[in-house]
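J.: Next comes coords.txt, compact mmCIF, N, CA and C atoms:
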# COMPACT_ATOMS: atom_id res chain seq x y z
N THR O 271 0.83 -1.18 0.00
CA THR O 271 0.00 0.00 0.00
C THR O 271 0.87 1.24 0.00
N ALA O 272 0.25 2.37 -0.21
CA ALA O 272 0.99 3.63 -0.21
C ALA O 272 1.61 3.91 1.14
N SER O 273 0.94 3.55 2.22
CA SER O 273 1.48 3.78 3.57
C SER O 273 2.76 3.00 3.80
N VAL O 274 2.80 1.77 3.35
CA VAL O 274 4.00 0.94 3.51
C VAL O 274 5.16 1.55 2.74
N LEU O 275 4.93 1.93 1.49
CA LEU O 275 5.99 2.53 0.68
C LEU O 275 6.46 3.85 1.28
N HIS O 276 5.53 4.66 1.74
CA HIS O 276 5.88 5.95 2.34
C HIS O 276 6.77 5.74 3.56
N THR O 277 6.42 4.80 4.41
CA THR O 277 7.19 4.52 5.62
C THR O 277 8.61 4.09 5.27
N ARG O 278 8.76 3.22 4.29
CA ARG O 278 10.09 2.73 3.92
C ARG O 278 10.93 3.81 3.26
N ILE O 279 10.33 4.59 2.39
CA ILE O 279 11.07 5.67 1.74
C ILE O 279 11.52 6.69 2.78
N PHE O 280 10.63 7.03 3.70
CA PHE O 280 10.96 7.98 4.76
C PHE O 280 12.15 7.47 5.59
N ALA O 281 12.13 6.19 5.94
CA ALA O 281 13.22 5.61 6.73
C ALA O 281 14.54 5.68 5.96
N LEU O 282 14.50 5.40 4.67
CA LEU O 282 15.73 5.42 3.87
C LEU O 282 16.25 6.84 3.66
N VAL O 283 15.36 7.81 3.56
CA VAL O 283 15.79 9.21 3.44
C VAL O 283 16.49 9.65 4.71
N LEU O 284 15.97 9.22 5.86
CA LEU O 284 16.57 9.60 7.14
C LEU O 284 17.87 8.85 7.43
N HIS O 285 18.06 7.72 6.77
CA HIS O 285 19.23 6.88 7.02
C HIS O 285 19.92 6.52 5.71
N PRO O 286 20.63 7.48 5.10
CA PRO O 286 21.25 7.23 3.79
C PRO O 286 22.28 6.10 3.83
N GLU O 287 22.90 5.86 4.98
CA GLU O 287 23.87 4.77 5.07
C GLU O 287 23.18 3.42 4.90
N VAL O 288 21.95 3.30 5.36
CA VAL O 288 21.17 2.07 5.18
C VAL O 288 20.79 1.94 3.71
N GLN O 289 20.38 3.05 3.11
CA GLN O 289 20.01 3.03 1.69
C GLN O 289 21.21 2.60 0.84
N GLU O 290 22.39 3.14 1.14
CA GLU O 290 23.58 2.79 0.37
C GLU O 290 23.93 1.31 0.52
N LYS O 291 23.82 0.78 1.73
CA LYS O 291 24.13 -0.62 1.96
C LYS O 291 23.13 -1.53 1.24
N ALA O 292 21.83 -1.16 1.27
CA ALA O 292 20.81 -1.95 0.57
C ALA O 292 21.03 -1.88 -0.94
N GLN O 293 21.38 -0.69 -1.45
CA GLN O 293 21.63 -0.55 -2.88
C GLN O 293 22.84 -1.36 -3.31
N ALA O 294 23.87 -1.38 -2.48
CA ALA O 294 25.07 -2.18 -2.80
C ALA O 294 24.73 -3.66 -2.87
N GLU O 295 23.88 -4.12 -1.95
CA GLU O 295 23.47 -5.52 -1.98
C GLU O 295 22.69 -5.84 -3.25
N ILE O 296 21.77 -4.95 -3.62
CA ILE O 296 20.99 -5.15 -4.85
C ILE O 296 21.92 -5.18 -6.06
N ASP O 297 22.85 -4.23 -6.11
CA ASP O 297 23.79 -4.18 -7.24
C ASP O 297 24.62 -5.45 -7.34
N THR O 298 25.01 -6.00 -6.21
CA THR O 298 25.80 -7.23 -6.20
C THR O 298 24.98 -8.41 -6.73
N VAL O 299 23.73 -8.47 -6.34
CA VAL O 299 22.87 -9.60 -6.73
C VAL O 299 22.46 -9.52 -8.19
N VAL O 300 22.05 -8.35 -8.66
CA VAL O 300 21.53 -8.26 -10.04
C VAL O 300 22.55 -7.71 -11.03
N ARG O 301 23.67 -7.19 -10.52
CA ARG O 301 24.77 -6.70 -11.35
C ARG O 301 24.32 -5.69 -12.42
N TRP O 302 23.45 -4.77 -12.03
CA TRP O 302 23.01 -3.68 -12.91
C TRP O 302 22.31 -4.15 -14.18
N ARG O 303 21.99 -5.41 -14.32
CA ARG O 303 21.40 -5.92 -15.56
C ARG O 303 19.89 -5.91 -15.55
N ARG O 304 19.28 -5.92 -14.36
CA ARG O 304 17.83 -6.06 -14.26
C ARG O 304 17.37 -5.61 -12.89
N VAL O 305 16.07 -5.56 -12.70
CA VAL O 305 15.52 -5.27 -11.37
C VAL O 305 15.44 -6.58 -10.60
N PRO O 306 15.50 -6.52 -9.29
CA PRO O 306 15.37 -7.76 -8.50
C PRO O 306 14.01 -8.40 -8.68
N THR O 307 13.97 -9.72 -8.57
CA THR O 307 12.73 -10.47 -8.66
C THR O 307 12.57 -11.31 -7.39
N PHE O 308 11.44 -11.98 -7.26
CA PHE O 308 11.22 -12.84 -6.10
C PHE O 308 12.24 -13.97 -6.04
N GLU O 309 12.78 -14.35 -7.16
CA GLU O 309 13.80 -15.40 -7.17
C GLU O 309 15.08 -14.93 -6.46
N ASP O 310 15.28 -13.63 -6.34
CA ASP O 310 16.46 -13.07 -5.69
C ASP O 310 16.28 -12.92 -4.18
N LYS O 311 15.11 -13.18 -3.69
CA LYS O 311 14.77 -12.91 -2.29
C LYS O 311 15.78 -13.47 -1.30
N GLU O 312 16.17 -14.71 -1.45
CA GLU O 312 17.08 -15.33 -0.49
C GLU O 312 18.47 -14.70 -0.49
N ARG O 313 18.84 -14.04 -1.57
CA ARG O 313 20.16 -13.41 -1.66
C ARG O 313 20.13 -11.94 -1.28
N LEU O 314 18.97 -11.44 -0.88
CA LEU O 314 18.83 -10.04 -0.49
C LEU O 314 18.50 -9.92 1.00
N ALA O 315 19.34 -10.50 1.82
CA ALA O 315 19.08 -10.55 3.27
C ALA O 315 19.00 -9.15 3.88
N TYR O 316 19.91 -8.27 3.50
CA TYR O 316 19.91 -6.93 4.11
C TYR O 316 18.67 -6.15 3.68
N LEU O 317 18.30 -6.22 2.43
CA LEU O 317 17.10 -5.53 1.97
C LEU O 317 15.87 -6.03 2.71
N ARG O 318 15.78 -7.33 2.93
CA ARG O 318 14.67 -7.90 3.70
C ARG O 318 14.72 -7.42 5.14
N ALA O 319 15.93 -7.27 5.69
CA ALA O 319 16.07 -6.75 7.05
C ALA O 319 15.59 -5.31 7.14
N VAL O 320 15.86 -4.52 6.11
CA VAL O 320 15.38 -3.13 6.06
C VAL O 320 13.85 -3.12 6.10
N ILE O 321 13.24 -3.98 5.34
CA ILE O 321 11.77 -4.06 5.31
C ILE O 321 11.25 -4.44 6.69
N CYS O 322 11.87 -5.43 7.32
CA CYS O 322 11.45 -5.84 8.67
C CYS O 322 11.62 -4.70 9.66
N GLU O 323 12.73 -4.01 9.57
CA GLU O 323 13.02 -2.92 10.51
C GLU O 323 12.01 -1.79 10.40
N THR O 324 11.58 -1.48 9.18
CA THR O 324 10.59 -0.41 9.05
C THR O 324 9.27 -0.81 9.72
N MET O 325 8.98 -2.09 9.74
CA MET O 325 7.75 -2.54 10.39
C MET O 325 7.89 -2.52 11.91
N ILE O 326 9.11 -2.63 12.42
CA ILE O 326 9.33 -2.55 13.87
C ILE O 326 9.27 -1.09 14.31
N CYS O 327 10.00 -0.23 13.63
CA CYS O 327 10.09 1.17 14.03
C CYS O 327 8.81 1.96 13.78
N ASN O 328 8.12 1.62 12.72
CA ASN O 328 6.92 2.37 12.37
C ASN O 328 5.92 1.46 11.68
N PRO O 329 5.26 0.59 12.44
CA PRO O 329 4.31 -0.33 11.79
C PRO O 329 3.16 0.43 11.13
N VAL O 330 2.79 -0.03 9.97
CA VAL O 330 1.71 0.62 9.23
C VAL O 330 0.39 0.44 9.96
N ALA O 331 0.19 -0.74 10.53
CA ALA O 331 -1.02 -1.02 11.31
C ALA O 331 -0.59 -1.20 12.77
N PRO O 332 -0.54 -0.10 13.55
CA PRO O 332 0.00 -0.19 14.90
C PRO O 332 -0.79 -1.08 15.84
N LEU O 333 -1.96 -1.50 15.43
CA LEU O 333 -2.74 -2.39 16.28
C LEU O 333 -2.42 -3.85 16.02
N GLY O 334 -1.58 -4.14 15.05
CA GLY O 334 -1.17 -5.52 14.82
C GLY O 334 -1.65 -6.08 13.50
N HIS O 335 -1.20 -7.30 13.25
CA HIS O 335 -1.51 -7.96 11.97
C HIS O 335 -2.99 -8.24 11.81
N SER O 336 -3.72 -8.36 12.91
CA SER O 336 -5.15 -8.63 12.81
C SER O 336 -5.95 -7.34 12.83
N CYS O 337 -5.28 -6.22 12.53
CA CYS O 337 -5.92 -4.91 12.44
C CYS O 337 -6.59 -4.50 13.75
N GLY O 338 -6.06 -4.96 14.86
CA GLY O 338 -6.60 -4.54 16.15
C GLY O 338 -7.90 -5.19 16.53
N LEU O 339 -8.27 -6.26 15.85
CA LEU O 339 -9.49 -6.94 16.21
C LEU O 339 -9.31 -7.64 17.54
N PRO O 340 -10.29 -7.53 18.42
CA PRO O 340 -10.14 -8.20 19.71
C PRO O 340 -10.20 -9.72 19.56
N HIS O 341 -9.48 -10.38 20.43
CA HIS O 341 -9.50 -11.83 20.51
C HIS O 341 -10.16 -12.21 21.84
N VAL O 342 -10.85 -13.31 21.87
CA VAL O 342 -11.51 -13.77 23.09
C VAL O 342 -10.72 -14.95 23.64
N THR O 343 -10.43 -14.90 24.94
CA THR O 343 -9.67 -15.99 25.55
C THR O 343 -10.52 -17.24 25.68
N ALA O 344 -9.90 -18.39 25.43
CA ALA O 344 -10.61 -19.66 25.47
C ALA O 344 -10.66 -20.25 26.88
N LYS O 345 -9.76 -19.79 27.75
CA LYS O 345 -9.73 -20.30 29.13
C LYS O 345 -9.13 -19.24 30.04
N ASP O 346 -9.31 -19.42 31.34
CA ASP O 346 -8.66 -18.53 32.30
C ASP O 346 -7.16 -18.63 32.11
N ASP O 347 -6.46 -17.51 32.30
CA ASP O 347 -5.02 -17.51 32.14
C ASP O 347 -4.42 -16.43 33.03
N VAL O 348 -3.15 -16.55 33.29
CA VAL O 348 -2.40 -15.53 34.01
C VAL O 348 -1.19 -15.21 33.15
N TYR O 349 -1.03 -13.94 32.82
CA TYR O 349 0.10 -13.51 32.01
C TYR O 349 0.85 -12.43 32.78
N GLU O 350 2.10 -12.71 33.10
CA GLU O 350 2.95 -11.78 33.85
C GLU O 350 2.22 -11.22 35.07
N GLY O 351 1.55 -12.11 35.79
CA GLY O 351 0.87 -11.73 37.02
C GLY O 351 -0.52 -11.14 36.84
N CYS O 352 -0.94 -10.98 35.60
CA CYS O 352 -2.28 -10.43 35.34
C CYS O 352 -3.25 -11.56 35.04
N TYR O 353 -4.35 -11.60 35.79
CA TYR O 353 -5.37 -12.61 35.58
C TYR O 353 -6.23 -12.22 34.39
N ILE O 354 -6.40 -13.14 33.46
CA ILE O 354 -7.24 -12.92 32.28
C ILE O 354 -8.32 -14.00 32.30
N PRO O 355 -9.58 -13.63 32.53
CA PRO O 355 -10.63 -14.63 32.64
C PRO O 355 -11.03 -15.21 31.28
N LYS O 356 -11.56 -16.41 31.30
CA LYS O 356 -12.11 -17.02 30.08
C LYS O 356 -13.18 -16.08 29.54
N GLY O 357 -13.16 -15.89 28.23
CA GLY O 357 -14.13 -15.00 27.60
C GLY O 357 -13.70 -13.54 27.60
N GLY O 358 -12.51 -13.28 28.16
CA GLY O 358 -12.02 -11.90 28.18
C GLY O 358 -11.56 -11.46 26.80
N TYR O 359 -11.66 -10.18 26.53
CA TYR O 359 -11.25 -9.63 25.24
C TYR O 359 -9.82 -9.09 25.34
N LEU O 360 -9.01 -9.43 24.36
CA LEU O 360 -7.64 -8.95 24.28
C LEU O 360 -7.41 -8.29 22.93
N VAL O 361 -6.70 -7.19 22.95
CA VAL O 361 -6.31 -6.52 21.71
C VAL O 361 -4.80 -6.32 21.78
N ALA O 362 -4.09 -6.84 20.80
CA ALA O 362 -2.63 -6.69 20.76
C ALA O 362 -2.27 -5.40 20.06
N PHE O 363 -1.49 -4.58 20.71
CA PHE O 363 -1.02 -3.34 20.12
C PHE O 363 0.43 -3.55 19.70
N GLN O 364 0.62 -3.79 18.41
CA GLN O 364 1.93 -4.13 17.88
C GLN O 364 2.98 -3.08 18.23
N LYS O 365 2.67 -1.83 18.09
CA LYS O 365 3.64 -0.77 18.34
C LYS O 365 4.13 -0.83 19.78
N ILE O 366 3.24 -1.06 20.73
CA ILE O 366 3.64 -1.13 22.13
C ILE O 366 4.50 -2.38 22.37
N CYS O 367 4.07 -3.51 21.83
CA CYS O 367 4.81 -4.75 22.03
C CYS O 367 6.23 -4.67 21.48
N GLN O 368 6.40 -3.95 20.40
CA GLN O 368 7.70 -3.88 19.76
C GLN O 368 8.57 -2.74 20.28
N SER O 369 8.01 -1.86 21.10
CA SER O 369 8.79 -0.71 21.54
C SER O 369 9.23 -0.79 23.00
N THR O 370 9.02 -1.92 23.66
CA THR O 370 9.40 -2.03 25.06
C THR O 370 10.89 -2.25 25.24
N GLY O 371 11.58 -2.74 24.23
CA GLY O 371 12.99 -3.04 24.35
C GLY O 371 13.25 -4.47 24.81
N ARG O 372 12.19 -5.19 25.17
CA ARG O 372 12.36 -6.56 25.63
C ARG O 372 12.77 -7.47 24.48
N ASN O 373 12.10 -7.36 23.36
CA ASN O 373 12.39 -8.22 22.22
C ASN O 373 13.42 -7.61 21.27
N PHE O 374 13.47 -6.30 21.22
CA PHE O 374 14.38 -5.61 20.31
C PHE O 374 15.12 -4.53 21.08
N PRO O 375 16.41 -4.73 21.36
CA PRO O 375 17.17 -3.69 22.05
C PRO O 375 17.13 -2.39 21.24
N ASP O 376 17.01 -1.29 21.92
CA ASP O 376 16.93 0.03 21.28
C ASP O 376 15.88 0.04 20.17
N PRO O 377 14.61 -0.22 20.51
CA PRO O 377 13.58 -0.35 19.48
C PRO O 377 13.33 0.92 18.68
N HIS O 378 13.72 2.08 19.20
CA HIS O 378 13.49 3.33 18.47
C HIS O 378 14.65 3.70 17.56
N LEU O 379 15.71 2.89 17.59
CA LEU O 379 16.85 3.09 16.72
C LEU O 379 16.62 2.30 15.43
N PHE O 380 16.76 2.95 14.29
CA PHE O 380 16.58 2.27 13.01
C PHE O 380 17.85 1.48 12.71
N ASP O 381 17.79 0.15 12.90
CA ASP O 381 18.98 -0.70 12.77
C ASP O 381 18.63 -2.03 12.10
N PRO O 382 18.59 -2.08 10.78
CA PRO O 382 18.28 -3.34 10.09
C PRO O 382 19.26 -4.46 10.41
N ASP O 383 20.46 -4.11 10.84
CA ASP O 383 21.46 -5.14 11.16
C ASP O 383 21.04 -6.03 12.33
N ARG O 384 20.06 -5.60 13.12
CA ARG O 384 19.61 -6.44 14.23
C ARG O 384 19.02 -7.76 13.73
N PHE O 385 18.63 -7.81 12.46
CA PHE O 385 18.04 -9.01 11.89
C PHE O 385 19.04 -9.87 11.11
N ILE O 386 20.29 -9.42 11.03
CA ILE O 386 21.30 -10.13 10.25
C ILE O 386 22.17 -10.95 11.19
N LEU O 387 22.30 -12.23 10.89
CA LEU O 387 23.13 -13.14 11.69
C LEU O 387 24.61 -12.96 11.34
N SER O 388 25.47 -13.54 12.13
CA SER O 388 26.91 -13.39 11.91
C SER O 388 27.36 -13.94 10.56
N ASP O 389 26.59 -14.87 9.98
CA ASP O 389 26.95 -15.42 8.67
C ASP O 389 26.38 -14.60 7.51
N GLY O 390 25.75 -13.45 7.84
CA GLY O 390 25.22 -12.57 6.81
C GLY O 390 23.81 -12.91 6.36
N GLN O 391 23.23 -13.94 6.92
CA GLN O 391 21.88 -14.35 6.55
C GLN O 391 20.85 -13.65 7.43
N LEU O 392 19.63 -13.59 6.94
CA LEU O 392 18.52 -12.99 7.69
C LEU O 392 18.10 -13.96 8.79
N TRP O 393 17.87 -13.42 9.99
CA TRP O 393 17.37 -14.22 11.11
C TRP O 393 16.07 -14.88 10.67
N SER O 394 15.94 -16.16 10.91
CA SER O 394 14.81 -16.95 10.38
C SER O 394 13.46 -16.46 10.88
N GLN O 395 13.40 -15.81 12.03
CA GLN O 395 12.13 -15.33 12.58
C GLN O 395 11.84 -13.86 12.23
N ALA O 396 12.73 -13.20 11.52
CA ALA O 396 12.60 -11.77 11.27
C ALA O 396 11.28 -11.39 10.62
N GLU O 397 10.88 -12.11 9.61
CA GLU O 397 9.67 -11.74 8.88
C GLU O 397 8.40 -12.08 9.65
N GLN O 398 8.51 -12.96 10.65
CA GLN O 398 7.35 -13.28 11.46
C GLN O 398 7.11 -12.26 12.56
N VAL O 399 8.17 -11.67 13.08
CA VAL O 399 8.02 -10.74 14.19
C VAL O 399 7.79 -9.31 13.75
N SER O 400 8.01 -9.01 12.50
CA SER O 400 7.84 -7.64 12.05
C SER O 400 6.50 -7.44 11.39
Represent the structure from my file as C-alpha cells, please.
T.:
Amino acid sequence: TASVLHTRIFALVLHPEVQEKAQAEIDTVVRWRRVPTFEDKERLAYLRAVICETMICNPVAPLGHSCGLPHVTAKDDVYEGCYIPKGGYLVAFQKICQSTGRNFPDPHLFDPDRFILSDGQLWSQAEQVS
C-alpha cells in the first residue's frame, strides 16, 4: 500500500547509510542488468532486514496484523501476574509490544542489522516478528 511505501522511503531518506548498503546488496545480486525479482529474495538478506526494521520502528497497522481486532480468551489464564478470565477480550497493540525493548534492544533506533546473523543471513524469525 501507499502507507507501507511511504514509511520505507521515509526511513531510507533519514538513514542514507542504510540506503547505500541496501543498494550495494541489490547491485551485487543483479549486477546492474535487471531489477530484482522474487527469485532473488534469499540473496537479499539486508534488503529484507530493512523491510522488517521499518515494520518494527513504524508499523503501518500499529494495532497488529489482525488490524486490532479483539480476541476472546478460550480459558482462564495468568500472564505476567495479570489474571485474564475465560471470555475476556484482548487486543494486541503491535507498536507497544515492539517498543518495550524486551524483544528488540533500542527499538526506536533504526537498525536493520539487528536481523542479520553473523553469517550474513537474515534471522529466520525476522519476517514473522515484524
J.: Counting only C-alpha atoms, what is within 8 Å of Pro306 in chain O, bar same-chain residues fewer than 6 positions away, as a PyMOL selection string?
T.: chain O and resi 296+299-300
J.: Find the distance between CA of Ile386 in chain O and CA of Leu284 in chain O and write it in Å to one decimal.
T.: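 We find that CA of Ile386 in chain O and CA of Leu284 in chain O lie 20.5 Å from each other.
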J.: For Pro382 in chain O, which residue among O:Glu290, O:Glu312, O:Glu323, O:Asp297 is the nearest when counting only N, CA and C atoms?
T.: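 Going through O:Glu290, O:Glu312, O:Glu323, O:Asp297 one by one, the smallest distance to Pro382 in chain O is for O:Glu323.
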J.: Excluding Lys291 in chain O and residues on its chain fewer than 3 positions from it, collect all residues at most 12 Å away from it, counting only C-alpha atoms, and give them as a list in words.
T.: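 Final neighbour list, sorted by chain and number: Leu282, His285, Pro286, Glu287, Val288, Ala294, Glu295, Ile296, Asp297, Thr298, Leu314, Ala315, Tyr316, Leu317, Ala319, Val320, Asp381, Pro382 and Asp383 of chain O.
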J.: For the atom pair CA of Thr324 in chain O and atom C of Phe308 in chain O, what is the interatomic distance in Å to one decimal place?
T.: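 Value for the CA of Thr324 in chain O-atom C of Phe308 in chain O distance: 20.4 Å.
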J.: So how far away is atom C of Tyr353 in chain O from atom N of Pro340 in chain O, in Å?
T.: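 Computing it gives 17.1 Å between the two atoms.
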J.: Taking only C-alpha atoms into account, name the residue in O:Val361, O:Val342, O:Ala281, O:Arg313 that is nearest to Leu379 in chain O.
T.: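 The answer is O:Ala281, which sits nearest to Leu379 in chain O.
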J.: Go through O:Arg304, O:Phe380, O:Asp310, O:Cys352 one by one, measure the shortest atom-to-atom distance of each to Phe280 in chain O using only C-alpha atoms, and give the residue with the smallest value.
T.: O:Phe380
